[in-house]
file input29.tsv (TSV, C-alpha atoms)
chain	number	residue	atom	x	y	z
P	21	MET	CA	23.91	-30.90	-26.19
P	22	ALA	CA	21.86	-28.27	-28.05
P	23	LYS	CA	21.49	-24.86	-26.48
P	24	ARG	CA	18.03	-23.64	-25.67
P	25	PRO	CA	17.16	-20.36	-27.34
P	26	THR	CA	17.06	-17.53	-24.85
P	27	ARG	CA	14.56	-14.72	-24.74
P	28	PRO	CA	15.83	-11.16	-25.06
P	29	VAL	CA	16.34	-9.39	-21.76
P	30	ASN	CA	15.94	-5.63	-21.46
P	31	ASP	CA	18.31	-3.28	-19.64
P	32	ALA	CA	16.36	-3.67	-16.40
P	33	GLY	CA	16.97	-7.43	-16.52
P	34	HIS	CA	13.33	-8.29	-17.25
P	35	ASP	CA	12.46	-11.05	-19.68
P	36	ASP	CA	11.02	-9.34	-22.76
P	37	GLY	CA	8.03	-11.49	-23.43
P	38	GLY	CA	8.05	-14.27	-20.91
P	39	ASP	CA	5.33	-15.26	-18.55
P	40	GLU	CA	6.64	-12.99	-15.77
P	41	SER	CA	6.34	-9.84	-17.89
P	42	LEU	CA	2.89	-10.87	-19.08
P	43	GLU	CA	1.78	-11.56	-15.53
P	44	ARG	CA	3.05	-8.15	-14.34
P	45	LEU	CA	1.38	-6.57	-17.38
P	46	ARG	CA	-1.94	-8.25	-16.51
P	47	ARG	CA	-1.68	-6.99	-12.91
P	48	HIS	CA	-0.98	-3.43	-14.08
P	49	LEU	CA	-3.88	-3.51	-16.54
P	50	ALA	CA	-6.24	-4.82	-13.85
P	51	PHE	CA	-5.06	-2.21	-11.34
P	52	LEU	CA	-5.52	0.59	-13.86
P	53	GLY	CA	-8.88	-0.76	-15.01
P	54	LEU	CA	-7.83	-0.40	-18.65
P	55	THR	CA	-8.92	-3.72	-20.14
P	56	HIS	CA	-9.68	-7.30	-19.32
P	57	PRO	CA	-6.25	-8.57	-18.27
P	58	ARG	CA	-6.99	-12.17	-19.22
P	59	HIS	CA	-6.66	-11.12	-22.88
P	60	ALA	CA	-3.06	-9.87	-22.55
P	61	ARG	CA	-1.46	-13.21	-23.51
P	62	ARG	CA	-3.73	-13.69	-26.55
P	63	HIS	CA	-3.04	-10.14	-27.79
P	64	SER	CA	0.70	-10.58	-27.34
P	65	ARG	CA	0.61	-13.58	-29.72
P	66	GLN	CA	-1.49	-11.86	-32.43
P	67	GLY	CA	-0.87	-9.09	-34.90
P	68	ALA	CA	2.40	-7.73	-36.20
P	69	PRO	CA	5.66	-9.34	-35.21
P	70	ARG	CA	6.77	-8.03	-31.86
P	71	ALA	CA	9.77	-5.79	-31.61
P	72	PRO	CA	12.27	-6.91	-28.99
P	73	GLY	CA	11.21	-5.66	-25.60
P	74	GLN	CA	7.66	-4.70	-26.61
P	75	THR	CA	5.96	-6.52	-23.75
P	76	SER	CA	8.56	-5.38	-21.28
P	77	LEU	CA	8.31	-1.77	-22.41
P	78	LEU	CA	4.53	-1.85	-22.08
P	79	GLU	CA	4.85	-3.50	-18.66
P	80	ARG	CA	7.27	-0.79	-17.48
P	81	VAL	CA	5.10	2.07	-18.77
P	82	LEU	CA	1.93	0.65	-17.23
P	83	GLY	CA	3.85	-0.25	-14.07
P	84	ALA	CA	4.93	3.37	-13.68
P	85	GLU	CA	1.35	4.56	-14.18
P	86	ALA	CA	0.05	1.98	-11.69
P	87	ALA	CA	2.68	3.10	-9.15
P	88	ARG	CA	1.69	6.76	-9.62
P	89	LYS	CA	-2.00	5.90	-9.20
P	90	LEU	CA	-1.26	3.85	-6.08
P	91	GLU	CA	0.76	6.71	-4.60
P	92	GLN	CA	-2.15	9.10	-5.21
P	93	ARG	CA	-4.57	6.68	-3.54
P	94	VAL	CA	-2.32	6.33	-0.50
P	95	THR	CA	-1.88	10.11	-0.25
P	96	ARG	CA	-5.66	10.63	-0.40
P	97	ARG	CA	-6.20	8.02	2.30
P	98	ILE	CA	-3.59	9.59	4.58
P	99	ASP	CA	-5.01	13.08	4.00
P	100	GLY	CA	-8.52	11.88	4.87
P	101	SER	CA	-7.45	9.81	7.87
P	102	GLY	CA	-6.78	12.59	10.33
P	103	ILE	CA	-3.10	11.65	10.58
P	104	ARG	CA	-1.27	14.98	10.48
P	105	GLU	CA	2.29	13.94	11.23
P	106	HIS	CA	4.59	11.57	9.36
P	107	LYS	CA	5.34	8.89	11.95
P	108	THR	CA	6.72	5.40	11.35
P	109	LEU	CA	7.42	2.40	13.56
P	110	GLU	CA	11.02	2.44	12.36
P	111	ALA	CA	11.43	6.00	13.70
P	112	PHE	CA	10.00	5.19	17.15
P	113	ASP	CA	12.55	5.34	19.97
P	114	TRP	CA	11.96	2.00	21.69
P	115	SER	CA	14.70	2.73	24.24
P	116	PHE	CA	12.63	5.71	25.45
P	117	GLN	CA	9.83	3.31	26.45
P	118	PRO	CA	11.52	-0.03	27.26
P	119	THR	CA	8.34	-1.40	28.88
P	120	LEU	CA	6.47	-1.34	25.55
P	121	ASP	CA	6.23	-4.69	23.82
P	122	LYS	CA	7.99	-4.07	20.50
P	123	ALA	CA	6.99	-7.52	19.21
P	124	ALA	CA	3.31	-6.78	19.86
P	125	PHE	CA	3.50	-3.58	17.81
P	126	ALA	CA	5.40	-5.39	15.06
P	127	GLU	CA	2.51	-7.86	14.98
P	128	LEU	CA	-0.02	-5.02	14.85
P	129	ALA	CA	1.92	-3.57	11.91
P	130	HIS	CA	1.01	-6.67	9.89
P	131	LEU	CA	-2.59	-5.40	10.13
P	132	ASP	CA	-4.06	-8.86	10.78
P	133	PHE	CA	-6.45	-7.28	13.29
P	134	VAL	CA	-8.11	-5.45	10.38
P	135	GLY	CA	-8.98	-8.72	8.67
P	136	ARG	CA	-10.56	-9.90	11.91
P	137	CYS	CA	-12.60	-6.63	12.05
P	138	ASP	CA	-11.00	-5.72	15.39
P	139	ASP	CA	-10.59	-2.09	16.46
P	140	LEU	CA	-7.34	-0.71	17.80
P	141	VAL	CA	-7.47	1.50	20.87
P	142	ILE	CA	-4.34	2.31	22.84
P	143	THR	CA	-4.50	3.95	26.25
P	144	GLY	CA	-1.82	5.03	28.65
P	145	LYS	CA	-0.14	7.93	30.39
P	146	SER	CA	0.79	11.11	28.61
P	147	GLY	CA	4.13	11.05	26.79
P	148	THR	CA	4.40	7.29	26.32
P	149	GLY	CA	4.33	7.36	22.51
P	150	LYS	CA	0.72	6.28	21.94
P	151	SER	CA	0.09	8.87	19.24
P	152	HIS	CA	3.31	8.09	17.41
P	153	LEU	CA	2.56	4.37	17.36
P	154	LEU	CA	-1.06	4.80	16.29
P	155	MET	CA	-0.12	7.24	13.52
P	156	ALA	CA	2.56	4.82	12.31
P	157	ILE	CA	0.14	1.89	12.20
P	158	GLY	CA	-2.53	4.08	10.60
P	159	ARG	CA	-0.07	5.24	7.93
P	160	ARG	CA	0.91	1.63	7.23
P	161	ALA	CA	-2.78	0.74	6.84
P	162	CYS	CA	-3.22	3.61	4.36
P	163	GLU	CA	-0.20	2.29	2.43
P	164	HIS	CA	-2.04	-1.04	2.21
P	165	GLN	CA	-5.01	0.82	0.70
P	166	LEU	CA	-7.15	0.65	3.82
P	167	TYR	CA	-9.30	3.51	5.08
P	168	VAL	CA	-8.26	4.86	8.47
P	169	ARG	CA	-9.82	7.26	10.96
P	170	TYR	CA	-7.31	8.61	13.47
P	171	ALA	CA	-8.79	10.61	16.32
P	172	ARG	CA	-7.64	11.55	19.77
P	173	CYS	CA	-10.06	10.76	22.57
P	174	VAL	CA	-10.31	14.41	23.63
P	175	ASP	CA	-11.30	15.39	20.07
P	176	LEU	CA	-13.96	12.67	19.95
P	177	LEU	CA	-15.41	13.84	23.27
P	178	ASP	CA	-15.39	17.48	22.05
P	179	ASP	CA	-17.26	16.42	18.89
P	180	LEU	CA	-19.81	14.50	20.95
P	181	HIS	CA	-20.30	17.43	23.33
P	182	ALA	CA	-20.73	19.86	20.42
P	183	GLY	CA	-23.21	17.44	18.83
P	184	LEU	CA	-25.25	17.37	22.02
P	185	ALA	CA	-25.22	21.16	22.18
P	186	ASP	CA	-26.47	21.71	18.61
P	187	GLY	CA	-28.62	18.58	18.32
P	188	THR	CA	-26.51	16.89	15.64
call {"tool": "encode", "arguments": {"input": "input29.tsv", "output": "structure tokens"}}
result
Amino acid sequence: MAKRPTRPVNDAGHDDGGDESLERLRRHLAFLGLTHPRHARRHSRQGAPRAPGQTSLLERVLGAEAARKLEQRVTRRIDGSGIREHKTLEAFDWSFQPTLDKAAFAELAHLDFVGRCDDLVITGKSGTGKSHLLMAIGRRACEHQLYVRYARCVDLLDDLHAGLADGT
């Protein structure tokens, strides 16, 4: 039986010119807004002979730039959201509040309610972990490139009262 020729694989284990690298390359180009990604395959077949790993190298470089740009976007969203503390669902002490429905918050963390255009308001007694949970879900939404506005009820009421006082 004849052996099929194999494509070169770079040190990271990526195929150096296969469809997977080209697809990742197209996604990076689209994310960065650099070119029309549908032309990536045609350009990879034209021109000078490709050096081994050319597509993979380009994919890695653009992937790093896309990751940096995404990180900047997430940071800007978090900074503008009103979330001032780094809270995560993984860091929440569920044993401290055993009556909370962990599964319900895990479901909220999928952010499906955003797609349905539902708001999220959590009420309860002081010290139950409402702020931690809301900040964690808000941070996760920012990580999914969604815009978030986190505000405590007392701050919203203060803003409304101040607006009434100065007519704004």
call {"tool": "closest_residue", "arguments": {"input": "input29.tsv", "among": "P:Ala185, P:Val81, P:Ala86, P:Val94", "to": "Gly53 of chain P", "atoms": "only C-alpha atoms"}}
result
P:Ala86
call {"tool": "atom_distance", "arguments": {"input": "input29.tsv", "atom1": "atom CA of Tyr170 of chain P", "atom2": "atom CA of Met155 of chain P"}}
result
7.3 Å
call {"tool": "residues_near_point", "arguments": {"input": "input29.tsv", "point": "(-15.5, 15.6, 12.9)", "cutoff": "12 Å", "atoms": "all atoms listed in the file", "output": "MDAnalysis selection string"}}
result
chainID P and resid 100:102 169:172 174:183 188
call {"tool": "atom_distance", "arguments": {"input": "input29.tsv", "atom1": "atom CA of Ala84 of chain P", "atom2": "atom CA of Arg96 of chain P"}}
result
18.5 Å
call {"tool": "atom_distance", "arguments": {"input": "input29.tsv", "atom1": "atom CA of Glu85 of chain P", "atom2": "atom CA of Leu166 of chain P"}}
result
20.3 Å
